[in-house]
Amino acid sequence: MTPAATQWLERFIEQLQIEKRSSPHTVTSYRHDLLKLTAYCEEHNIQDWQDIQPALIRGYIAARHRQGMGSKSLQRELSSIRGFFKFLLKLQVASINPAQAIRAPKQDRKLPKLLDVDQVSGLLDANTVSALEIRDQAMFELFYSCGLRLSELTDLNINDLDLSDRTLIVRSGKGNKTRVLPIGSKAVKSVNSWLMLRPQYNAGDETALFISNRGKRISTRNVHQRLQNWCQTKGVAEHVHPHMLRHSFASHLLESSQDLRAVQELLGHANISTTQIYTHLNFQHLADVYDQTHPRAKKRTE
């Protein structure tokens, strides 16, 4: 790059430091990203910022991706480049922002971990030895029976359940959306067992369905800890967190029903694309079964 081009880069960095009062970390990141772009431009005989076209930025991002850069890092680099060219456009040093329409490659979506049906049964059918364990079992049964989010479970009040009708209402779902969910028979039985013991912990007028030993609404952190303790004391080898029960609910229901729309409604997903992640989980399960059982799929060992 020409000395004048380098000078514009330094002026931009100065603006970040002085006018924008950006943090040292932000300034360092911008400098690092733009120096990488500068080196790429020099490799391609580009001497001035005005000469950079969208095709070059697209090629640069593709090259960085091939070098192993992740989607989030590439998004950050593009943000740095857009910010720099916005600065150049304002000063009429450039006529276009070549990075404006460029998008980083999508990050591979990690499939959520879940339990198979036997693992869920082993977790939920464990014997209880105290009133608080009866409460815990009721919580975990509701998680799996209704596919609740953790906050939805802790926000439940007693009057949100109609156990005779075997339904509950989620009033504080994501996006403040309300939905009515069916409750399975085993969850109904577990909740009834807890409700018989709940008065001995409710010293005041607490309306929460699940309360702590202090008589207050149980916290999400407490639920997480109780599930960890449950797994340890009941000999469950898997590292289970509350959302795994929601994932397991969705995957098992979809595997049995093949009704993506129904699962979407039960989970409270605004977009069906969010629910479609579970179709990938089911395909992976089928692929594993195929690899393990099909006589022509197994690798032969000589």
# chains A, B, ... in the order shown; residues from 1 in each chain; ligands from 1

call {"tool": "closest_atom_pairs", "arguments": {"of": "region 95-137 of chain A", "to": "region 200-224 of chain A", "cutoff": "10 Å", "atoms": "only C-alpha atoms", "output": "JSON lines"}}
result
{"residue": "A:Ala131", "atom": "CA", "partner": "A:Gln200", "partner_atom": "CA", "distance": 9.6}
{"residue": "A:Leu132", "atom": "CA", "partner": "A:Asn213", "partner_atom": "CA", "distance": 7.7}
{"residue": "A:Arg135", "atom": "CA", "partner": "A:Phe210", "partner_atom": "CA", "distance": 7.2}
{"residue": "A:Asp136", "atom": "CA", "partner": "A:Val223", "partner_atom": "CA", "distance": 8.0}

call {"tool": "select_by_dssp", "arguments": {"residues": "region 42-225 of chain A", "states": "alpha helix (DSSP H)", "output": "ChimeraX atom specification"}}
result
/A:42-43,54-66,71-90,117-124,131-146,150-154,185-197,220-225

call {"tool": "closest_residue", "arguments": {"among": "A:Gly235, A:Leu156, A:Tyr30, A:Arg179", "to": "Gln17 (chain A)", "atoms": "only C-alpha atoms"}}
result
A:Tyr30

call {"tool": "select_by_dssp", "arguments": {"residues": "region 139-252 of chain A", "states": "strand (DSSP E)", "output": "PyMOL selection string"}}
result
chain A and resi 161-162+167-170+179-182

call {"tool": "write_last_selection", "arguments": {"atoms": "all heavy atoms", "output": "mmCIF file, in the first residue's frame"}}
result
data_model
loop_
_atom_site.group_PDB
_atom_site.id
_atom_site.type_symbol
_atom_site.label_atom_id
_atom_site.label_comp_id
_atom_site.auth_asym_id
_atom_site.auth_seq_id
_atom_site.Cartn_x
_atom_site.Cartn_y
_atom_site.Cartn_z
ATOM 1 N N LEU A 161 -51.364 -24.760 36.987
ATOM 2 C CA LEU A 161 -51.571 -26.174 36.688
ATOM 3 C C LEU A 161 -53.020 -26.569 36.927
ATOM 4 O O LEU A 161 -53.648 -26.122 37.886
ATOM 5 C CB LEU A 161 -50.674 -27.057 37.568
ATOM 6 C CG LEU A 161 -49.236 -27.291 37.097
ATOM 7 C CD1 LEU A 161 -48.411 -26.032 37.265
ATOM 8 C CD2 LEU A 161 -48.607 -28.445 37.856
ATOM 9 N N ASP A 162 -53.533 -27.400 36.032
ATOM 10 C CA ASP A 162 -54.835 -28.027 36.218
ATOM 11 C C ASP A 162 -54.595 -29.524 36.116
ATOM 12 O O ASP A 162 -54.627 -30.112 35.034
ATOM 13 C CB ASP A 162 -55.820 -27.559 35.139
ATOM 14 C CG ASP A 162 -57.227 -28.113 35.354
ATOM 15 O OD1 ASP A 162 -57.369 -29.072 36.145
ATOM 16 O OD2 ASP A 162 -58.168 -27.603 34.717
ATOM 17 N N THR A 167 -53.100 -30.359 32.371
ATOM 18 C CA THR A 167 -52.526 -29.287 31.559
ATOM 19 C C THR A 167 -51.858 -28.264 32.463
ATOM 20 O O THR A 167 -52.163 -28.172 33.660
ATOM 21 C CB THR A 167 -53.596 -28.560 30.712
ATOM 22 O OG1 THR A 167 -54.582 -27.986 31.588
ATOM 23 C CG2 THR A 167 -54.255 -29.499 29.724
ATOM 24 N N LEU A 168 -50.964 -27.520 31.873
ATOM 25 C CA LEU A 168 -50.385 -26.360 32.561
ATOM 26 C C LEU A 168 -50.277 -25.224 31.566
ATOM 27 O O LEU A 168 -50.247 -25.441 30.351
ATOM 28 C CB LEU A 168 -49.024 -26.686 33.185
ATOM 29 C CG LEU A 168 -47.798 -26.994 32.310
ATOM 30 C CD1 LEU A 168 -47.164 -25.743 31.711
ATOM 31 C CD2 LEU A 168 -46.764 -27.753 33.117
ATOM 32 N N ILE A 169 -50.226 -24.018 32.074
ATOM 33 C CA ILE A 169 -50.102 -22.847 31.219
ATOM 34 C C ILE A 169 -48.781 -22.150 31.500
ATOM 35 O O ILE A 169 -48.434 -21.908 32.663
ATOM 36 C CB ILE A 169 -51.300 -21.878 31.421
ATOM 37 C CG1 ILE A 169 -51.190 -20.686 30.466
ATOM 38 C CG2 ILE A 169 -51.412 -21.421 32.868
ATOM 39 C CD1 ILE A 169 -52.458 -19.852 30.404
ATOM 40 N N VAL A 170 -48.041 -21.888 30.455
ATOM 41 C CA VAL A 170 -46.788 -21.146 30.552
ATOM 42 C C VAL A 170 -47.114 -19.699 30.237
ATOM 43 O O VAL A 170 -47.472 -19.354 29.112
ATOM 44 C CB VAL A 170 -45.735 -21.692 29.560
ATOM 45 C CG1 VAL A 170 -44.474 -20.830 29.596
ATOM 46 C CG2 VAL A 170 -45.396 -23.141 29.888
ATOM 47 N N ARG A 179 -48.525 -20.268 26.372
ATOM 48 C CA ARG A 179 -48.939 -21.497 25.705
ATOM 49 C C ARG A 179 -49.434 -22.495 26.743
ATOM 50 O O ARG A 179 -49.019 -22.462 27.903
ATOM 51 C CB ARG A 179 -47.810 -22.096 24.866
ATOM 52 C CG ARG A 179 -46.603 -22.619 25.627
ATOM 53 C CD ARG A 179 -45.485 -22.993 24.647
ATOM 54 N NE ARG A 179 -44.415 -23.764 25.261
ATOM 55 C CZ ARG A 179 -43.408 -23.242 25.953
ATOM 56 N NH1 ARG A 179 -43.343 -21.932 26.133
ATOM 57 N NH2 ARG A 179 -42.476 -24.024 26.460
ATOM 58 N N VAL A 180 -50.369 -23.342 26.329
ATOM 59 C CA VAL A 180 -50.935 -24.384 27.183
ATOM 60 C C VAL A 180 -50.337 -25.719 26.777
ATOM 61 O O VAL A 180 -50.287 -26.053 25.589
ATOM 62 C CB VAL A 180 -52.466 -24.426 27.067
ATOM 63 C CG1 VAL A 180 -53.040 -25.545 27.929
ATOM 64 C CG2 VAL A 180 -53.068 -23.081 27.463
ATOM 65 N N LEU A 181 -49.872 -26.484 27.761
ATOM 66 C CA LEU A 181 -49.178 -27.736 27.486
ATOM 67 C C LEU A 181 -49.841 -28.897 28.218
ATOM 68 O O LEU A 181 -50.312 -28.736 29.348
ATOM 69 C CB LEU A 181 -47.717 -27.642 27.943
ATOM 70 C CG LEU A 181 -46.870 -26.544 27.302
ATOM 71 C CD1 LEU A 181 -45.504 -26.486 27.978
ATOM 72 C CD2 LEU A 181 -46.714 -26.768 25.808
ATOM 73 N N PRO A 182 -49.877 -30.069 27.593
ATOM 74 C CA PRO A 182 -50.361 -31.263 28.295
ATOM 75 C C PRO A 182 -49.300 -31.774 29.260
ATOM 76 O O PRO A 182 -48.102 -31.569 29.055
ATOM 77 C CB PRO A 182 -50.590 -32.265 27.153
ATOM 78 C CG PRO A 182 -49.628 -31.842 26.083
ATOM 79 C CD PRO A 182 -49.510 -30.338 26.185
#

call {"tool": "closest_residue", "arguments": {"among": "A:Leu37, A:Leu267, A:Ile57, A:Ala63", "to": "Lys177 (chain A)", "atoms": "only C-alpha atoms"}}
result
A:Leu267

call {"tool": "residues_around", "arguments": {"residues": "Gly184 (chain A)", "least_positions_apart": "6", "cutoff": "12 Å", "atoms": "only C-alpha atoms", "output": "PyMOL selection string"}}
result
chain A and resi 138+141-147+163-168+190-191+249

call {"tool": "write_last_selection", "arguments": {"atoms": "C-alpha atoms", "output": "tab-separated table (two decimals), in the first residue's frame"}}
result
chain	number	residue	atom	x	y	z
A	138	ALA	CA	-41.51	-33.54	40.19
A	141	GLU	CA	-40.63	-34.97	35.38
A	142	LEU	CA	-42.24	-31.68	34.31
A	143	PHE	CA	-39.12	-30.71	32.38
A	144	TYR	CA	-39.27	-33.87	30.33
A	145	SER	CA	-43.06	-34.17	30.19
A	146	CYS	CA	-43.65	-30.63	28.90
A	147	GLY	CA	-40.34	-29.60	27.31
A	163	LEU	CA	-53.91	-31.55	37.25
A	164	SER	CA	-57.47	-32.86	36.79
A	165	ASP	CA	-57.28	-31.74	33.16
A	166	ARG	CA	-53.57	-32.66	32.99
A	167	THR	CA	-52.53	-29.29	31.56
A	168	LEU	CA	-50.38	-26.36	32.56
A	190	SER	CA	-44.96	-36.69	40.85
A	191	VAL	CA	-46.39	-33.17	41.14
A	249	PHE	CA	-38.39	-34.19	25.08
